[in-house]
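Novice: Pasting in a structure now, in structure tokens, and then I'll have a few things to ask.
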Amino acid sequence: MSVWNRPPLVRNAFARLPIGSIRARGWLHEQLRLSADGLTGHLMEIWPDVGPESGWLGGSGENWERGPYYARGLAALAYALGHPPLIDCARSWIEWSLRSQRADGFFGPADNDDWWARMPMLDAMRLHADATGDVRIAPFLARYFRYQLAQLPGKPLRGWAVPRGGDNLDAALWLYNRTGEQFLLELADLLHRQTSDWIGEFARGHSASEAFEFAHGVNRAMGLKEPAVYFQRSADATHLAAVRRGWQTTLRDHGQIQGTFSCDELLHGRGPTQGTEFCAIVELLASLQTALVISGELWLADAMERIAYNALPAIWTADHRGHQYFQQANQIACTRGPHHFWFHHDTDLLFGPFSGYGCCAANGHLAWPQLTHHLWLATPSGGLAAMLFAPCEVTAVVGDGARVSIIEETDYPFADEVQLTIRAARPVAFPLALRLPGWAAACTVAVNGECRDCRVASADGTLITEARTWRDGDRVVVKLPMPPRVSSWHGSGVGVERGPLVYALRIEETWRRVGGSAAFAEYEVRAATPWNYGLLLDPHAAERSVRVVRRPGATQPWAQDGAPVALTVPGKRLPDWSAENDDCGPIPASGQCPDVPVEILTLIPFGCARLRIAVFPTVR
């Protein structure tokens, strides 16, 4: 059953369904399978930091964040797939942590007492408990949280734990909702006081603080959830408002077209050649998911889809055997070198199993399974809400206690139709809520062929509800028209979008192995075709110039030519727009009229393009 907040906590707008209730299908299942067969499933074999000698398995190896990161994502993936070998592997991390607990409640490697390193392991424990009902987890966590309550006054959060304390707070409230132990509320207040003042940072509404705790991109991504998490305790609406204010101002100053903000590793402006760290993508999605469950604010779902369907697939290789550390919106070469980032790890842009800094190798596989776990949520009225669209099947208890399944068939985000089929042993009354995205001007919803038009009343999106007695075989079809549109970005640059997808210039890619093994290689990638084009279009009437091209899709649609849709648009090459240190130079002023032939350019979804131009000048 879904778990709702206990008093005195503010009632959450939605509740998560039990782990395993939502099974990915179609292209989404393929992402999980590729991860299991690729880097995630083999990381313990090829990387000592999460291998058998990990300090989080009782060995003498790495004993800080990498083991807990890996265990958390591994548990999420294993239970999302229902994959017995991965479940057994994830359980080995859980079992060691359970055995490591001392009489006073402390757990984990004895030679590393960092509060932060234990926070992702608390998440792994919660995922395991929600999936299995393991009765050992609640008392284990209670002992640890009592230890924290006793120790934190004299040994407060420090280092990375200070900006990331919201994760610890979230875990304490998770346990309170299951046990009702009052000391957990006292601990929640203490953790909030010792965590960075994210409410103050976001609520002020002007440029981000330059202090490392606030300007570090992953800290900011994780900190985004903290005001929403503590709102459950404070009941102060300004805390929820701070989440939105902080998101808006961060995007205003550092926003990137793929839905993220720049952070290489610190916030670094809106230029499309600045980097975004992979861990920031993962943690942004996690924070937005948490805030959505608590607040129910629909803009969070739109933000999630933009990140998950653009930034996330583009930072993985299509076979899930490598990734980047930093991602650029305009990325014309993935080579060694500093690339004008704040921090330089030499391999930041290369695609490989351990590019950049190792946190992302350990953490990146959390995103797709956690997205799966949040496609559907429980509503307070005993119903279900389709909050994010992707092919899946959900099974849940609704209404008067009946169990139903809903099969969701769709090629979304590439296609504009979502079909839902109800499976139920008997007629059952429950409300079915459907989120209509903010980018959709008008939609249609048909129930068993009876169609009605639905206006999307707000840029945040709209939630419509069909409350009726549902019968086996009932069918709901949602149509979300996706005309191309043009958006404005850094300088005078523009982007081309359709539905939740951003589109980028298709560039022929030359991949060259520069390290790693044959199975898990490290690659540099260079362009084999020109990239320096401006678009010949009317920004206010994109449909006049942009043509939608449908084609057969691949099992992995996030490969370069895998998507079932592309766009074509006229453009002109700009010979003076040149590369600087393997980055594209500043975007030329729009409105130039170069004396060169008009060419028809192919744009593909951002997530399919490892090299790309996504922010263009316009030409005449």
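Letters for chains follow the order of the structure tokens (A, B, ...), residue numbers begin at 1 for each chain, and ligand numbers begin at 1 in the order shown.
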Excluding A:Leu98 and its own-chain neighbours fewer than 5 positions away, which residues fall within 10 Å of it when counting only C-alpha atoms? Please give them as a PyMOL selection string.
Specialist: chain A and resi 92-93+107-108+125+136-137+140-141
Novice: Would you mind exporting all heavy atoms of the selected residues as a short mmCIF file (atom, residue, chain, number, x, y, z; two decimals), in the first residue's frame?
Specialist:
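Once written, again.cif looks like this:
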data_model
loop_
_atom_site.label_atom_id
_atom_site.label_comp_id
_atom_site.auth_asym_id
_atom_site.auth_seq_id
_atom_site.Cartn_x
_atom_site.Cartn_y
_atom_site.Cartn_z
N SER A 92 23.51 -7.83 -1.32
CA SER A 92 24.80 -8.00 -0.65
C SER A 92 25.26 -6.71 0.01
O SER A 92 25.87 -6.74 1.10
CB SER A 92 25.85 -8.51 -1.66
OG SER A 92 26.17 -7.51 -2.62
N TRP A 93 24.98 -5.57 -0.60
CA TRP A 93 25.34 -4.28 -0.01
C TRP A 93 24.46 -3.99 1.21
O TRP A 93 24.94 -3.49 2.23
CB TRP A 93 25.18 -3.16 -1.04
CG TRP A 93 26.13 -3.26 -2.19
CD1 TRP A 93 25.98 -4.01 -3.32
CD2 TRP A 93 27.41 -2.63 -2.31
NE1 TRP A 93 27.06 -3.86 -4.15
CE2 TRP A 93 27.95 -3.02 -3.56
CE3 TRP A 93 28.13 -1.76 -1.51
CZ2 TRP A 93 29.20 -2.56 -4.01
CZ3 TRP A 93 29.36 -1.30 -1.95
CH2 TRP A 93 29.88 -1.71 -3.19
N PHE A 107 26.71 2.82 11.72
CA PHE A 107 26.92 1.72 10.78
C PHE A 107 27.86 2.17 9.67
O PHE A 107 28.15 3.36 9.52
CB PHE A 107 25.60 1.22 10.20
CG PHE A 107 25.02 2.10 9.12
CD1 PHE A 107 25.21 1.79 7.78
CD2 PHE A 107 24.30 3.26 9.42
CE1 PHE A 107 24.67 2.59 6.77
CE2 PHE A 107 23.77 4.06 8.43
CZ PHE A 107 23.96 3.74 7.10
N GLY A 108 28.31 1.21 8.89
CA GLY A 108 29.18 1.51 7.77
C GLY A 108 30.64 1.32 8.12
O GLY A 108 30.99 0.85 9.22
N MET A 125 18.58 1.58 1.54
CA MET A 125 17.81 0.83 2.54
C MET A 125 16.31 1.04 2.34
O MET A 125 15.51 0.10 2.42
CB MET A 125 18.22 1.30 3.94
CG MET A 125 19.61 0.91 4.36
SD MET A 125 19.67 -0.85 4.75
CE MET A 125 21.35 -1.00 5.34
N ARG A 136 13.59 -5.76 9.00
CA ARG A 136 14.79 -5.37 9.73
C ARG A 136 15.16 -3.91 9.50
O ARG A 136 15.92 -3.31 10.29
CB ARG A 136 15.98 -6.24 9.31
CG ARG A 136 15.80 -7.73 9.59
CD ARG A 136 16.94 -8.51 8.97
NE ARG A 136 16.95 -8.38 7.50
CZ ARG A 136 17.98 -8.79 6.74
NH1 ARG A 136 19.06 -9.31 7.30
NH2 ARG A 136 17.91 -8.65 5.42
N ILE A 137 14.65 -3.32 8.41
CA ILE A 137 15.13 -1.99 8.01
C ILE A 137 14.66 -0.92 8.97
O ILE A 137 15.44 -0.04 9.38
CB ILE A 137 14.70 -1.67 6.57
CG1 ILE A 137 15.26 -2.72 5.60
CG2 ILE A 137 15.17 -0.28 6.19
CD1 ILE A 137 16.76 -2.87 5.61
N PHE A 140 16.62 -0.92 12.23
CA PHE A 140 18.00 -0.53 11.89
C PHE A 140 18.10 0.99 11.76
O PHE A 140 18.99 1.63 12.34
CB PHE A 140 18.42 -1.21 10.58
CG PHE A 140 19.70 -0.71 9.99
CD1 PHE A 140 20.92 -1.26 10.36
CD2 PHE A 140 19.70 0.33 9.07
CE1 PHE A 140 22.11 -0.79 9.81
CE2 PHE A 140 20.88 0.81 8.51
CZ PHE A 140 22.10 0.24 8.90
N LEU A 141 17.19 1.58 10.98
CA LEU A 141 17.21 3.03 10.79
C LEU A 141 16.90 3.76 12.09
O LEU A 141 17.50 4.81 12.38
CB LEU A 141 16.20 3.43 9.71
CG LEU A 141 16.52 2.96 8.28
CD1 LEU A 141 15.41 3.40 7.33
CD2 LEU A 141 17.86 3.49 7.81
#
Novice: Just the strand (DSSP E) stuff from stretch 386-504 of chain A, please, per backbone DSSP, written as a ChimeraX atom specification.
Specialist: /A:386,392-398,402-410,417-424,428-436,442-447,450-455,462-470,475-479,485-488,494-498,501-504
Novice: Could you write out the selected residues, including C-alpha atoms, as a PDB file, in the first residue's frame?
Specialist:
ATOM      1  CA  ALA A 386      -0.410   9.427 -14.745  1.00  0.00           C
ATOM      2  CA  CYS A 392       4.698   0.933 -18.919  1.00  0.00           C
ATOM      3  CA  GLU A 393       2.202  -1.131 -16.947  1.00  0.00           C
ATOM      4  CA  VAL A 394       1.027  -0.125 -13.492  1.00  0.00           C
ATOM      5  CA  THR A 395      -0.718  -2.425 -10.998  1.00  0.00           C
ATOM      6  CA  ALA A 396      -2.197  -0.945  -7.834  1.00  0.00           C
ATOM      7  CA  VAL A 397      -4.981  -1.148  -5.276  1.00  0.00           C
ATOM      8  CA  VAL A 398      -7.648   1.505  -5.901  1.00  0.00           C
ATOM      9  CA  ALA A 402      -9.727  -3.657  -5.828  1.00  0.00           C
ATOM     10  CA  ARG A 403      -6.533  -4.390  -7.711  1.00  0.00           C
ATOM     11  CA  VAL A 404      -6.337  -3.037 -11.234  1.00  0.00           C
ATOM     12  CA  SER A 405      -3.696  -2.808 -13.920  1.00  0.00           C
ATOM     13  CA  ILE A 406      -3.344  -0.113 -16.557  1.00  0.00           C
ATOM     14  CA  ILE A 407      -1.309  -0.826 -19.660  1.00  0.00           C
ATOM     15  CA  GLU A 408       0.196   2.348 -21.117  1.00  0.00           C
ATOM     16  CA  GLU A 409       1.110   2.013 -24.792  1.00  0.00           C
ATOM     17  CA  THR A 410       2.909   4.938 -26.355  1.00  0.00           C
ATOM     18  CA  GLU A 417      -0.660   9.672 -28.499  1.00  0.00           C
ATOM     19  CA  VAL A 418      -0.923   7.753 -25.225  1.00  0.00           C
ATOM     20  CA  GLN A 419      -3.268   4.760 -24.976  1.00  0.00           C
ATOM     21  CA  LEU A 420      -4.347   3.392 -21.596  1.00  0.00           C
ATOM     22  CA  THR A 421      -6.136   0.049 -21.242  1.00  0.00           C
ATOM     23  CA  ILE A 422      -7.781  -0.931 -17.941  1.00  0.00           C
ATOM     24  CA  ARG A 423      -7.478  -4.498 -16.690  1.00  0.00           C
ATOM     25  CA  ALA A 424      -9.731  -5.404 -13.747  1.00  0.00           C
ATOM     26  CA  VAL A 428     -14.346  -0.754  -9.849  1.00  0.00           C
ATOM     27  CA  ALA A 429     -14.944   2.944  -9.205  1.00  0.00           C
ATOM     28  CA  PHE A 430     -11.868   5.144  -8.883  1.00  0.00           C
ATOM     29  CA  PRO A 431     -10.619   8.494 -10.222  1.00  0.00           C
ATOM     30  CA  LEU A 432      -8.021   8.381 -12.991  1.00  0.00           C
ATOM     31  CA  ALA A 433      -6.026  11.619 -13.224  1.00  0.00           C
ATOM     32  CA  LEU A 434      -4.045  12.587 -16.313  1.00  0.00           C
ATOM     33  CA  ARG A 435      -1.440  15.336 -16.445  1.00  0.00           C
ATOM     34  CA  LEU A 436      -1.550  17.462 -19.586  1.00  0.00           C
ATOM     35  CA  ALA A 442      -4.967  21.860 -26.611  1.00  0.00           C
ATOM     36  CA  CYS A 443      -5.433  18.125 -26.141  1.00  0.00           C
ATOM     37  CA  THR A 444      -8.126  15.521 -26.561  1.00  0.00           C
ATOM     38  CA  VAL A 445      -9.052  12.724 -24.186  1.00  0.00           C
ATOM     39  CA  ALA A 446     -11.268   9.887 -25.409  1.00  0.00           C
ATOM     40  CA  VAL A 447     -12.804   7.307 -23.069  1.00  0.00           C
ATOM     41  CA  GLU A 450     -16.152   9.336 -26.498  1.00  0.00           C
ATOM     42  CA  CYS A 451     -13.868  12.284 -27.135  1.00  0.00           C
ATOM     43  CA  ARG A 452     -13.659  15.661 -25.434  1.00  0.00           C
ATOM     44  CA  ASP A 453     -11.367  18.598 -26.019  1.00  0.00           C
ATOM     45  CA  CYS A 454      -9.198  19.725 -23.120  1.00  0.00           C
ATOM     46  CA  ARG A 455      -7.591  23.141 -22.890  1.00  0.00           C
ATOM     47  CA  THR A 462      -3.306  20.802 -16.134  1.00  0.00           C
ATOM     48  CA  LEU A 463      -4.507  17.745 -14.245  1.00  0.00           C
ATOM     49  CA  ILE A 464      -7.816  16.362 -15.491  1.00  0.00           C
ATOM     50  CA  THR A 465      -9.663  13.590 -13.721  1.00  0.00           C
ATOM     51  CA  GLU A 466     -11.994  10.919 -15.056  1.00  0.00           C
ATOM     52  CA  ALA A 467     -13.934   9.560 -12.072  1.00  0.00           C
ATOM     53  CA  ARG A 468     -16.158   6.650 -13.056  1.00  0.00           C
ATOM     54  CA  THR A 469     -16.704   2.938 -12.668  1.00  0.00           C
ATOM     55  CA  TRP A 470     -14.051   1.307 -14.812  1.00  0.00           C
ATOM     56  CA  ARG A 475      -9.674   2.382 -23.029  1.00  0.00           C
ATOM     57  CA  VAL A 476      -8.465   5.968 -22.673  1.00  0.00           C
ATOM     58  CA  VAL A 477      -6.650   7.696 -25.525  1.00  0.00           C
ATOM     59  CA  VAL A 478      -4.843  10.978 -24.884  1.00  0.00           C
ATOM     60  CA  LYS A 479      -3.727  13.093 -27.844  1.00  0.00           C
ATOM     61  CA  ARG A 485       8.088  25.705 -31.835  1.00  0.00           C
ATOM     62  CA  VAL A 486      11.088  27.982 -31.467  1.00  0.00           C
ATOM     63  CA  SER A 487      12.534  29.052 -28.115  1.00  0.00           C
ATOM     64  CA  SER A 488      14.996  31.840 -27.278  1.00  0.00           C
ATOM     65  CA  VAL A 494      17.254  29.892 -30.747  1.00  0.00           C
ATOM     66  CA  GLY A 495      16.272  26.289 -30.225  1.00  0.00           C
ATOM     67  CA  VAL A 496      13.751  24.086 -32.006  1.00  0.00           C
ATOM     68  CA  GLU A 497      11.387  22.033 -29.854  1.00  0.00           C
ATOM     69  CA  ARG A 498       8.493  19.658 -30.351  1.00  0.00           C
ATOM     70  CA  LEU A 501      11.876  17.169 -26.933  1.00  0.00           C
ATOM     71  CA  VAL A 502      14.614  19.574 -27.943  1.00  0.00           C
ATOM     72  CA  TYR A 503      16.055  18.989 -31.411  1.00  0.00           C
ATOM     73  CA  ALA A 504      19.680  19.315 -32.469  1.00  0.00           C
TER      74      ALA A 504
END
Novice: Which residues are close to stretch 309-311 of chain A, i.e. within 10 Å by only C-alpha atoms, leaving aside same-chain residues fewer than 3 positions away? Reply as a PyMOL selection string.
Specialist: chain A and resi 256-260+276+278+281-282+304-306+314-316+327-329+412-414+500-503+558+605-609
Novice: Please produce a file of those selected residues containing N, CA and C atoms, as a compact mmCIF listing (two decimals), in the first residue's frame.
Specialist:
# COMPACT_ATOMS: atom_id res chain seq x y z
N GLN A 256 20.04 25.79 -19.29
CA GLN A 256 20.47 25.19 -20.55
C GLN A 256 19.25 24.63 -21.27
N ILE A 257 19.33 24.55 -22.58
CA ILE A 257 18.17 24.19 -23.39
C ILE A 257 17.65 22.80 -23.08
N GLN A 258 18.53 21.88 -22.64
CA GLN A 258 18.10 20.51 -22.36
C GLN A 258 17.42 20.35 -21.01
N GLY A 259 17.13 21.47 -20.34
CA GLY A 259 16.34 21.43 -19.11
C GLY A 259 17.12 21.51 -17.83
N THR A 260 18.44 21.48 -17.91
CA THR A 260 19.29 21.53 -16.73
C THR A 260 19.84 22.95 -16.55
N THR A 276 27.40 20.53 -17.95
CA THR A 276 26.50 20.11 -16.88
C THR A 276 26.94 18.74 -16.41
N PHE A 278 26.94 15.03 -14.90
CA PHE A 278 25.99 13.93 -14.93
C PHE A 278 25.29 13.78 -13.58
N ILE A 281 22.34 15.98 -13.19
CA ILE A 281 21.15 15.52 -13.89
C ILE A 281 20.40 14.49 -13.04
N VAL A 282 21.14 13.54 -12.50
CA VAL A 282 20.54 12.49 -11.67
C VAL A 282 19.87 13.09 -10.44
N MET A 304 10.79 17.62 -15.14
CA MET A 304 11.35 16.26 -15.15
C MET A 304 11.41 15.69 -16.55
N GLU A 305 10.31 15.83 -17.30
CA GLU A 305 10.30 15.27 -18.65
C GLU A 305 11.35 15.94 -19.53
N ARG A 306 11.50 17.24 -19.40
CA ARG A 306 12.49 17.93 -20.24
C ARG A 306 13.90 17.41 -19.96
N ALA A 314 21.25 11.69 -23.63
CA ALA A 314 22.39 12.20 -24.41
C ALA A 314 23.72 12.00 -23.70
N ILE A 315 23.71 11.84 -22.39
CA ILE A 315 24.97 11.74 -21.66
C ILE A 315 25.46 10.30 -21.54
N TRP A 316 24.60 9.35 -21.93
CA TRP A 316 24.98 7.94 -22.02
C TRP A 316 25.38 7.60 -23.45
N GLN A 327 28.28 17.51 -19.90
CA GLN A 327 27.52 17.55 -21.15
C GLN A 327 27.39 19.01 -21.59
N GLN A 328 27.52 19.25 -22.90
CA GLN A 328 27.33 20.59 -23.46
C GLN A 328 26.10 20.60 -24.35
N ALA A 329 25.37 21.71 -24.34
CA ALA A 329 24.24 21.86 -25.25
C ALA A 329 24.71 21.94 -26.69
N TYR A 412 5.54 8.08 -26.87
CA TYR A 412 5.91 9.34 -26.23
C TYR A 412 7.29 9.18 -25.60
N PRO A 413 8.17 10.16 -25.71
CA PRO A 413 7.97 11.55 -26.11
C PRO A 413 8.12 11.83 -27.60
N PHE A 414 8.30 10.77 -28.39
CA PHE A 414 8.49 10.96 -29.83
C PHE A 414 7.15 11.15 -30.55
N PRO A 500 7.95 17.53 -25.57
CA PRO A 500 8.96 17.70 -24.53
C PRO A 500 10.39 17.62 -25.06
N LEU A 501 10.55 17.40 -26.37
CA LEU A 501 11.88 17.17 -26.93
C LEU A 501 12.49 18.44 -27.52
N VAL A 502 13.78 18.59 -27.27
CA VAL A 502 14.61 19.57 -27.94
C VAL A 502 15.28 18.87 -29.12
N TYR A 503 15.44 19.59 -30.22
CA TYR A 503 16.06 18.99 -31.41
C TYR A 503 17.40 19.65 -31.69
N TRP A 558 17.23 6.13 -28.58
CA TRP A 558 18.18 7.19 -28.25
C TRP A 558 19.53 6.99 -28.93
N PRO A 605 16.32 14.31 -32.16
CA PRO A 605 16.16 14.60 -30.73
C PRO A 605 17.51 14.75 -30.04
N PHE A 606 17.59 15.72 -29.15
CA PHE A 606 18.82 16.01 -28.41
C PHE A 606 19.40 14.74 -27.80
N GLY A 607 18.54 13.91 -27.24
CA GLY A 607 19.00 12.70 -26.57
C GLY A 607 19.64 11.68 -27.48
N CYS A 608 19.48 11.84 -28.79
CA CYS A 608 20.08 10.92 -29.77
C CYS A 608 21.45 11.40 -30.24
N ALA A 609 21.81 12.63 -29.91
CA ALA A 609 22.98 13.27 -30.51
C ALA A 609 24.10 13.40 -29.49
Novice: Write out as JSON lines the residues of stretch 133-208 of chain A that have any atom within 8 Å of an atom of stretch 113-118 of chain A, one row each with the nearest atom pair and its distance in Å to one decimal, counting only C-alpha atoms, sorted by chain and then rising number.
Specialist:
{"residue": "A:Leu157", "atom": "CA", "partner": "A:Trp115", "partner_atom": "CA", "distance": 6.6}
{"residue": "A:Arg158", "atom": "CA", "partner": "A:Trp115", "partner_atom": "CA", "distance": 7.7}
{"residue": "A:Trp160", "atom": "CA", "partner": "A:Trp116", "partner_atom": "CA", "distance": 6.1}
{"residue": "A:Ala161", "atom": "CA", "partner": "A:Trp116", "partner_atom": "CA", "distance": 4.4}
{"residue": "A:Arg164", "atom": "CA", "partner": "A:Trp116", "partner_atom": "CA", "distance": 7.3}
{"residue": "A:Gly165", "atom": "CA", "partner": "A:Trp116", "partner_atom": "CA", "distance": 7.7}
Novice: Using only C-alpha atoms, please write the residues we just selected to a file, as a short mmCIF file (atom, residue, chain, number, x, y, z; two decimals), in the first residue's frame.
Specialist:
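Printed below is out12.cif as written:
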data_model
loop_
_atom_site.label_atom_id
_atom_site.label_comp_id
_atom_site.auth_asym_id
_atom_site.auth_seq_id
_atom_site.Cartn_x
_atom_site.Cartn_y
_atom_site.Cartn_z
CA LEU A 157 26.92 17.94 9.79
CA ARG A 158 30.11 19.00 8.05
CA TRP A 160 29.36 17.69 1.84
CA ALA A 161 26.73 16.71 4.42
CA ARG A 164 23.01 17.68 1.26
CA GLY A 165 21.34 17.24 4.63
#
Novice: Using only C-alpha atoms, can you tell me which of A:Leu292, A:Leu57, A:Ala203, A:Leu366 comes closest to A:Ala124?
Specialist: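 Closest candidate: A:Leu366.
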Novice: Hey, what's within 12 Å of A:Leu266 if we count only C-alpha atoms and toss same-chain stuff fewer than 2 positions away? As a ChimeraX atom specification, please?
Specialist: /A:208-221,254,261-264,268-269,274-277,280,326,341-344
Novice: Counting only C-alpha atoms, which residue out of A:His490, A:His339, A:Arg23, A:His373 sits closest to A:Gly271?
Specialist: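 Distance minimum relative to A:Gly271 lands on A:His490.
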Novice: Could you find all residues in stretch 46-123 of chain A that DSSP calls alpha helix (DSSP H) from the backbone, and write them as a ChimeraX atom specification?
Specialist: /A:46,66-81,84-100,115-123
Novice: Could you check which of A:Phe145, A:Trp47, A:Phe389, A:Trp96 is closest to A:Arg25, using only C-alpha atoms?
Specialist: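 Between A:Phe145, A:Trp47, A:Phe389, A:Trp96, the residue approaching A:Arg25 most closely is A:Phe389.
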Novice: Excluding A:Glu522 and its own-chain neighbours fewer than 6 positions away, which residues fall within 12 Å of it when counting only C-alpha atoms? Please give them as a list in words.
Specialist: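 The contact residues come out as Thr317, Arg321, Gly322, His323, Gln324, Cys334, Thr335, Arg336, Thr347, Asp348, Leu349, Leu350, Phe351, Gly352, Pro353, Phe354, Ser355, Gly356, Trp511, Arg512, Arg513, Val514, Gly515 and Gly516 of chain A.
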Novice: Store the residues picked out above, limited to N, CA and C atoms, as a CSV table (one decimal), in the first residue's frame.
Specialist:
chain,number,residue,atom,x,y,z
A,317,THR,N,26.3,6.6,-23.6
A,317,THR,CA,26.4,6.0,-24.9
A,317,THR,C,25.1,5.2,-25.2
A,321,ARG,N,27.3,1.6,-22.0
A,321,ARG,CA,28.6,1.1,-21.5
A,321,ARG,C,29.5,2.3,-21.2
A,322,GLY,N,29.1,3.5,-21.4
A,322,GLY,CA,29.9,4.6,-21.2
A,322,GLY,C,29.1,5.9,-21.0
A,323,HIS,N,29.6,6.9,-20.4
A,323,HIS,CA,28.9,8.2,-20.2
A,323,HIS,C,29.9,9.3,-20.2
A,324,GLN,N,29.4,10.5,-20.2
A,324,GLN,CA,30.3,11.7,-20.0
A,324,GLN,C,30.2,12.2,-18.6
A,334,CYS,N,34.2,15.7,-28.5
A,334,CYS,CA,34.4,15.2,-27.2
A,334,CYS,C,35.8,14.7,-27.1
A,335,THR,N,36.7,15.6,-26.6
A,335,THR,CA,38.1,15.4,-26.6
A,335,THR,C,38.7,15.8,-25.2
A,336,ARG,N,39.9,15.4,-25.0
A,336,ARG,CA,40.6,15.8,-23.8
A,336,ARG,C,40.8,17.3,-23.8
A,347,THR,N,39.3,14.2,-18.9
A,347,THR,CA,38.5,13.3,-19.7
A,347,THR,C,37.0,13.7,-19.5
A,348,ASP,N,36.7,14.9,-19.1
A,348,ASP,CA,35.3,15.3,-18.8
A,348,ASP,C,34.3,15.0,-19.9
A,349,LEU,N,34.7,15.3,-21.2
A,349,LEU,CA,33.8,15.1,-22.3
A,349,LEU,C,33.9,13.8,-23.0
A,350,LEU,N,34.9,13.0,-22.7
A,350,LEU,CA,35.0,11.7,-23.3
A,350,LEU,C,33.9,10.8,-22.9
A,351,PHE,N,33.5,9.9,-23.7
A,351,PHE,CA,32.5,8.8,-23.4
A,351,PHE,C,33.3,7.6,-22.9
A,352,GLY,N,33.0,7.2,-21.7
A,352,GLY,CA,33.7,6.0,-21.2
A,352,GLY,C,33.1,5.6,-19.9
A,353,PRO,N,33.6,4.5,-19.3
A,353,PRO,CA,33.0,4.0,-18.0
A,353,PRO,C,33.3,4.9,-16.8
A,354,PHE,N,34.5,5.6,-16.9
A,354,PHE,CA,34.9,6.3,-15.7
A,354,PHE,C,35.3,7.8,-16.1
A,355,SER,N,34.6,8.4,-17.0
A,355,SER,CA,35.0,9.7,-17.5
A,355,SER,C,34.9,10.7,-16.3
A,356,GLY,N,35.8,11.7,-16.3
A,356,GLY,CA,35.8,12.8,-15.3
A,356,GLY,C,36.1,12.2,-14.0
A,511,TRP,N,34.1,8.0,-33.9
A,511,TRP,CA,34.4,7.6,-32.6
A,511,TRP,C,35.8,6.9,-32.7
A,512,ARG,N,36.7,7.3,-31.7
A,512,ARG,CA,38.0,6.6,-31.7
A,512,ARG,C,38.3,6.2,-30.3
A,513,ARG,N,38.6,5.0,-30.1
A,513,ARG,CA,38.9,4.4,-28.8
A,513,ARG,C,40.3,5.0,-28.3
A,514,VAL,N,40.3,5.6,-27.1
A,514,VAL,CA,41.5,6.1,-26.5
A,514,VAL,C,41.9,5.5,-25.2
A,515,GLY,N,41.1,4.6,-24.7
A,515,GLY,CA,41.4,3.9,-23.5
A,515,GLY,C,40.3,2.9,-23.1
A,516,GLY,N,40.4,2.3,-22.0
A,516,GLY,CA,39.5,1.3,-21.5
A,516,GLY,C,39.7,0.0,-22.2
Novice: Please measure the separation of atom CA of A:Glu543 and atom CA of A:Leu480, giving the value in Å to one decimal.
Specialist: 16.4 Å
Novice: Work out how far apart atom CA of A:Ala308 and atom CA of A:Ala440 are and give it in Å to one decimal.
Specialist: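 Answer for the atom CA of A:Ala308 to atom CA of A:Ala440 separation: 17.9 Å.
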Novice: Excluding stretch 239-245 of chain A and residues on its chain fewer than 4 positions from it, collect all residues at most 6 Å away from it, counting only C-alpha atoms, and give them as an MDAnalysis selection string.
Specialist: chainID A and resid 199 202:203 227:228 231
Novice: So, with only C-alpha atoms as the atoms that count, which of A:Asp104, A:Asp561, A:Asp576, A:Glu30 lies closest to A:His320?
Specialist: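 Checking each candidate against A:His320, we get A:Glu30 as the closest.
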Novice: Residues at most 12 Å from A:Leu152, counting only C-alpha atoms, excluding those fewer than 3 positions away in the same chain, as a PyMOL selection string?
Specialist: chain A and resi 114-115+144-149+155-158+161-162+165+186-195
Novice: Pull C-alpha atoms from the residues just selected and write them as a CSV table (one decimal), in the first residue's frame.
Specialist:
chain,number,residue,atom,x,y,z
A,114,ASP,CA,31.3,11.0,7.4
A,115,TRP,CA,27.6,11.7,7.7
A,144,TYR,CA,21.0,5.0,13.5
A,145,PHE,CA,18.7,8.0,13.8
A,146,ARG,CA,18.8,7.8,17.6
A,147,TYR,CA,22.6,7.8,17.3
A,148,GLN,CA,22.4,10.9,15.1
A,149,LEU,CA,20.1,12.7,17.5
A,155,LYS,CA,29.4,16.5,16.0
A,156,PRO,CA,27.2,18.5,13.5
A,157,LEU,CA,26.9,17.9,9.8
A,158,ARG,CA,30.1,19.0,8.1
A,161,ALA,CA,26.7,16.7,4.4
A,162,VAL,CA,25.8,20.4,5.1
A,165,GLY,CA,21.3,17.2,4.6
A,186,GLU,CA,13.0,16.3,16.8
A,187,LEU,CA,15.8,14.9,14.6
A,188,ALA,CA,14.1,16.4,11.5
A,189,ASP,CA,14.2,19.8,13.1
A,190,LEU,CA,17.8,19.4,14.1
A,191,LEU,CA,18.9,18.2,10.6
A,192,HIS,CA,17.1,21.2,9.0
A,193,ARG,CA,18.9,23.6,11.3
A,194,GLN,CA,22.3,22.1,10.4
A,195,THR,CA,21.6,21.9,6.7
Novice: Between A:Gln31, A:Thr250, A:Asn12, A:Gln101, single out the one closest to A:Gln232, counting only C-alpha atoms.
Specialist: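 For A:Gln232, the nearest of the given residues is A:Asn12.
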Novice: State, in Å with one decimal place, the distance from atom CA of A:Val549 to atom CA of A:Leu601.
Specialist: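 It comes out at 12.0 Å.
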Novice: Using only C-alpha atoms, pick whichever of A:Arg16, A:His365, A:Arg6, A:Arg252 has the shortest atom-to-atom distance to A:Thr179.
Specialist: A:Arg6
